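Chemist: One file is attached below, protein.cif, containing mmCIF, C-alpha atoms.
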```cif
data_model
#
loop_
_atom_site.label_atom_id
_atom_site.label_comp_id
_atom_site.auth_asym_id
_atom_site.auth_seq_id
_atom_site.Cartn_x
_atom_site.Cartn_y
_atom_site.Cartn_z
CA MET S 1 30.21 -6.49 4.94
CA SER S 2 26.87 -4.85 4.55
CA LYS S 3 24.53 -4.57 7.48
CA TYR S 4 20.78 -4.87 7.42
CA LEU S 5 18.59 -1.89 8.19
CA VAL S 6 14.99 -2.11 9.36
CA PHE S 7 12.54 0.63 8.33
CA PRO S 8 9.69 0.61 10.85
CA ASP S 9 8.14 3.76 9.32
CA VAL S 10 7.71 2.06 5.95
CA VAL S 11 4.93 -0.45 6.49
CA PHE S 12 3.03 -2.50 3.95
CA LYS S 13 -0.22 -3.66 5.47
CA ASP S 14 -1.38 -6.22 2.94
CA ARG S 15 0.78 -9.20 1.96
CA ARG S 16 -0.88 -9.82 -1.40
CA LEU S 17 -0.57 -6.20 -2.51
CA LEU S 18 3.05 -6.09 -1.35
CA VAL S 19 3.89 -9.16 -3.44
CA ALA S 20 2.10 -7.55 -6.41
CA ALA S 21 4.13 -4.36 -5.93
CA LEU S 22 7.37 -6.37 -5.80
CA THR S 23 6.35 -8.12 -9.03
CA GLU S 24 5.77 -4.74 -10.65
CA LEU S 25 9.30 -3.68 -9.71
CA GLY S 26 10.65 -6.80 -11.41
CA TYR S 27 10.84 -9.22 -8.49
CA PRO S 28 8.16 -11.83 -9.18
CA GLU S 29 10.04 -14.64 -7.42
CA VAL S 30 9.23 -14.25 -3.73
CA ASP S 31 9.61 -16.74 -0.88
CA GLN S 32 6.78 -16.62 1.65
CA GLY S 33 6.63 -18.38 5.00
CA GLU S 34 7.39 -18.03 8.67
CA SER S 35 10.76 -16.85 10.00
CA LEU S 36 12.61 -17.43 6.74
CA PRO S 37 16.38 -16.94 7.06
CA LEU S 38 18.14 -14.13 5.21
CA TYR S 39 21.45 -14.70 3.42
CA GLY S 40 24.16 -12.19 2.65
CA TYR S 41 25.96 -11.79 -0.67
CA ARG S 42 28.57 -14.41 0.33
CA GLY S 43 25.91 -16.94 1.17
CA ASP S 44 26.30 -16.37 4.89
CA GLN S 45 23.14 -16.71 6.97
CA ARG S 46 22.20 -13.55 8.80
CA PRO S 47 20.53 -13.42 12.21
CA GLU S 48 17.47 -11.63 10.81
CA THR S 49 14.45 -13.62 9.69
CA CYS S 50 11.48 -12.51 7.58
CA GLU S 51 8.10 -13.67 6.31
CA ILE S 52 8.56 -12.43 2.75
CA VAL S 53 11.96 -12.70 1.05
CA VAL S 54 13.33 -11.82 -2.38
CA ARG S 55 16.44 -13.95 -2.72
CA ARG S 56 19.69 -12.25 -3.67
CA ARG S 57 20.04 -14.23 -6.93
CA PHE S 58 17.06 -12.25 -8.25
CA LEU S 59 18.52 -8.92 -7.18
CA GLY S 60 22.17 -8.75 -8.22
CA SER S 61 25.51 -10.52 -7.82
CA ALA S 62 26.56 -8.28 -4.93
CA SER S 63 23.13 -8.12 -3.33
CA ASN S 64 21.90 -9.60 -0.08
CA ASP S 65 18.46 -11.08 0.43
CA LEU S 66 15.71 -8.49 0.70
CA GLY S 67 13.14 -9.27 3.37
CA PHE S 68 9.92 -8.08 4.96
CA THR S 69 9.23 -8.93 8.55
CA HIS S 70 5.68 -9.19 9.83
CA THR S 71 4.76 -6.89 12.70
CA ALA S 72 1.46 -5.87 14.27
CA GLU S 73 1.39 -2.86 11.93
CA GLY S 74 2.19 -4.81 8.77
CA TYR S 75 5.24 -5.86 6.76
CA VAL S 76 8.38 -3.86 7.46
CA PRO S 77 11.32 -3.89 5.01
CA VAL S 78 14.63 -5.38 6.10
CA VAL S 79 17.14 -4.30 3.49
CA SER S 80 20.92 -4.17 3.51
CA GLU S 81 22.74 -0.87 3.49
CA TYR S 82 24.28 -1.82 0.13
CA ASP S 83 20.99 -2.76 -1.52
CA GLN S 84 19.29 0.35 -0.26
CA ARG S 85 21.83 2.30 -2.32
CA ALA S 86 22.07 -0.11 -5.26
CA LEU S 87 18.57 -1.41 -6.03
CA GLN S 88 16.26 0.60 -8.29
CA GLY S 89 18.84 3.37 -8.51
CA GLY S 90 18.78 3.84 -4.76
CA GLN S 91 15.01 4.37 -4.86
CA LEU S 92 13.88 0.88 -3.85
CA LEU S 93 11.64 1.84 -0.94
CA VAL S 94 10.22 4.92 -2.66
CA LYS S 95 9.38 2.93 -5.80
CA LEU S 96 7.96 0.11 -3.74
CA ARG S 97 5.74 2.49 -1.76
CA THR S 98 4.55 4.06 -5.01
CA ALA S 99 3.81 0.67 -6.60
CA TYR S 100 2.07 -0.49 -3.42
CA SER S 101 -0.05 2.68 -3.28
CA GLU S 102 -1.16 2.10 -6.87
CA ARG S 103 -2.14 -1.47 -5.99
CA VAL S 104 -4.14 -0.13 -3.02
CA VAL S 105 -6.04 2.26 -5.28
CA GLU S 106 -6.79 -0.58 -7.70
CA GLU S 107 -8.03 -2.74 -4.84
CA VAL S 108 -10.28 0.05 -3.50
CA LYS S 109 -11.68 0.59 -7.00
CA CYS S 110 -12.48 -3.11 -7.38
CA ARG S 111 -14.07 -3.45 -3.93
CA LEU S 112 -16.26 -0.37 -4.49
CA HIS S 113 -17.13 -1.53 -8.04
CA GLY S 114 -15.95 1.84 -9.24
CA SER S 115 -14.18 3.31 -12.22
CA ALA S 116 -10.83 5.11 -12.22
CA HIS S 117 -9.26 7.99 -14.06
CA ARG S 118 -5.48 8.29 -13.79
CA SER S 119 -3.38 11.32 -14.63
CA VAL S 120 0.29 12.10 -14.11
CA ASP S 121 1.72 15.55 -13.60
CA GLY S 122 5.48 15.34 -13.14
CA GLN S 123 6.12 13.27 -10.04
CA VAL S 124 2.49 13.43 -8.92
CA ILE S 125 0.06 10.67 -9.82
CA LYS S 126 -3.63 11.48 -9.39
CA ILE S 127 -6.24 8.74 -9.51
CA LYS S 128 -9.91 9.54 -9.17
CA VAL S 129 -12.13 6.62 -8.26
CA ARG S 130 -15.86 7.09 -8.79
CA PHE S 131 -18.33 4.68 -7.32
CA MET R 1 -21.40 10.89 -7.61
CA PRO R 2 -19.12 9.85 -4.73
CA GLU R 3 -15.45 10.07 -5.54
CA ILE R 4 -12.13 9.37 -3.90
CA GLU R 5 -9.17 11.34 -5.12
CA PHE R 6 -5.85 9.62 -4.48
CA THR R 7 -2.62 11.56 -4.86
CA ILE R 8 0.61 9.59 -4.95
CA ASP R 9 3.88 11.49 -4.77
CA ALA R 10 6.29 9.33 -6.78
CA ALA R 11 9.24 11.25 -5.29
CA THR R 12 8.45 9.96 -1.81
CA GLY R 13 5.87 7.20 -2.40
CA GLN R 14 3.49 9.03 -0.06
CA LEU R 15 -0.24 8.61 -0.62
CA GLU R 16 -2.99 11.07 0.21
CA MET R 17 -6.69 10.50 -0.25
CA HIS R 18 -9.67 12.79 -0.27
CA VAL R 19 -13.18 11.39 -0.10
CA GLN R 20 -15.78 13.64 -1.72
CA GLY R 21 -19.54 13.43 -2.08
CA VAL R 22 -20.04 10.89 0.68
CA ALA R 23 -22.23 12.57 3.24
CA GLY R 24 -22.01 11.67 6.89
CA PRO R 25 -20.21 8.84 8.59
CA ALA R 26 -20.64 6.61 5.50
CA CYS R 27 -17.34 8.26 4.64
CA ASP R 28 -15.85 6.28 7.53
CA ASP R 29 -16.60 3.03 5.70
CA VAL R 30 -14.42 4.15 2.81
CA ALA R 31 -11.71 5.29 5.21
CA LYS R 32 -11.91 1.93 7.00
CA LEU R 33 -11.32 0.10 3.73
CA THR R 34 -8.21 2.12 2.92
CA LYS R 35 -6.91 1.81 6.48
CA GLU R 36 -7.24 -1.96 6.14
CA LEU R 37 -4.82 -1.78 3.19
CA LEU R 38 -2.61 1.13 4.23
CA GLY R 39 -2.66 1.17 8.01
CA GLU R 40 -3.34 4.13 10.23
CA PRO R 41 -2.85 7.47 8.48
CA GLY R 42 -0.33 10.00 9.70
CA ARG R 43 -2.99 12.70 9.46
CA GLU R 44 -6.78 12.54 9.20
CA ARG R 45 -9.29 15.36 8.88
CA ASN R 46 -13.03 15.37 8.26
CA THR R 47 -14.20 17.73 5.51
CA THR R 48 -17.49 19.65 5.61
CA ASP R 49 -19.18 16.78 3.68
CA TYR R 50 -18.69 14.61 6.73
CA TYR R 51 -21.00 16.77 8.83
CA ILE R 52 -23.84 16.73 6.31
CA ARG R 53 -26.57 14.42 7.56
CA PRO R 54 -27.92 12.27 4.77
CA ARG R 55 -31.66 12.75 4.23
CA VAL R 56 -33.59 9.56 4.35
CA ARG R 57 -37.29 9.81 3.61
CA PRO R 58 -39.30 7.09 5.21
CA GLN R 59 -41.42 5.28 2.69
CA VAL R 60 -44.65 3.77 3.89
CA ARG R 61 -46.44 1.59 1.44
CA PRO R 62 -50.11 0.96 2.02
CA GLU R 63 -50.89 -2.63 2.59
CA GLN R 64 -52.46 -4.28 -0.38
CA ARG R 65 -55.96 -5.53 0.20
CA ARG R 66 -56.52 -9.12 -0.65
#
```
Do you think you could lay out the structure here as structure tokens?
Modeler:
Amino acid sequence: MSKYLVFPDVVFKDRRLLVAALTELGYPEVDQGESLPLYGYRGDQRPETCEIVVRRRFLGSASNDLGFTHTAEGYVPVVSEYDQRALQGGQLLVKLRTAYSERVVEEVKCRLHGSAHRSVDGQVIKIKVRF
Amino acid sequence: MPEIEFTIDAATGQLEMHVQGVAGPACDDVAKLTKELLGEPGRERNTTDYYIRPRVRPQVRPEQRR
């Protein structure tokens, strides 16, 4: 049995950008609502509830639902111990933060009516937005 | 030209931003926008640009005689 872990330090402030980041990672099917139940890999309902959920059928046969619970600070991931190791090569939260950050930059660029120049140097992505 | 330089570390997902060429507290408006999307930063520091007071020349147009 895999337990769920909550990551209060990893917060996604904006729902729309979070859903866009999940889509970029290959999870376009997302349930959104209030206090949605989470299910484990055996179909068992877990005590945790979330406002954004990627159902386990979109993740993997041994996966549990992946959720995001809404707090005053934003959306906090609720991910099982197993999926934290298994999804995205064990880099789920890092890749999600990266994808979310890129969506934030895009949003800032659009709101400031600016232009962007993106460059990548190894693991470092630099985006200059002029406005 | 005002510019924001974003640096994303793909190894950690951490984002840093540096606002350049925006004199004075107008810089705060840009910071406010990113905070709205990212939340409160772990670290925040004003650069020297922040303390430059933007020069605004008052323009007085003579009234047109009718």
Chemist: Report, in Å with one decimal, the straight-line distance from atom CA of S:Ile52 to atom CA of R:Lys32.
Modeler: 25.4 Å
Chemist: Interatomic distance between atom CA of S:Tyr75 and atom CA of S:Thr23?
Modeler: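 Separation between atom CA of S:Tyr75 and atom CA of S:Thr23: 16.0 Å.
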Chemist: Could you write out as a ChimeraX atom specification the residues of chain R within 10 Å of chain S, counting all atoms listed in the file?
Modeler: /R:1-21,30,33-40
Chemist: One number please: atom CA of S:Glu106 to atom CA of S:Leu18, in Å, one decimal.
Modeler: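 Calculated distance between atom CA of S:Glu106 and atom CA of S:Leu18 is 12.9 Å.
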Chemist: Go through S:Pro37, S:Cys50, S:Ser63, S:Arg16 one by one, measure the shortest atom-to-atom distance of each to S:Ala86 using all atoms listed in the file, and give the residue with the smallest value.
Modeler: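 Ranked by minimum distance to S:Ala86, first place goes to S:Ser63.
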Chemist: Let me make sure I understand: among S:Gly90, S:His113, S:Glu48, S:Leu59, which one has the smallest atom-to-atom distance to S:Pro77 if we use only C-alpha atoms?
Modeler: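 Closest candidate: S:Glu48.
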Chemist: From the set S:Gly33, S:Gly89, S:Pro47, S:Gly40, which residue has the shortest atom-to-atom contact distance to S:Phe68, counting only C-alpha atoms?
Modeler: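 Closest to S:Phe68, using only C-alpha atoms: S:Gly33.
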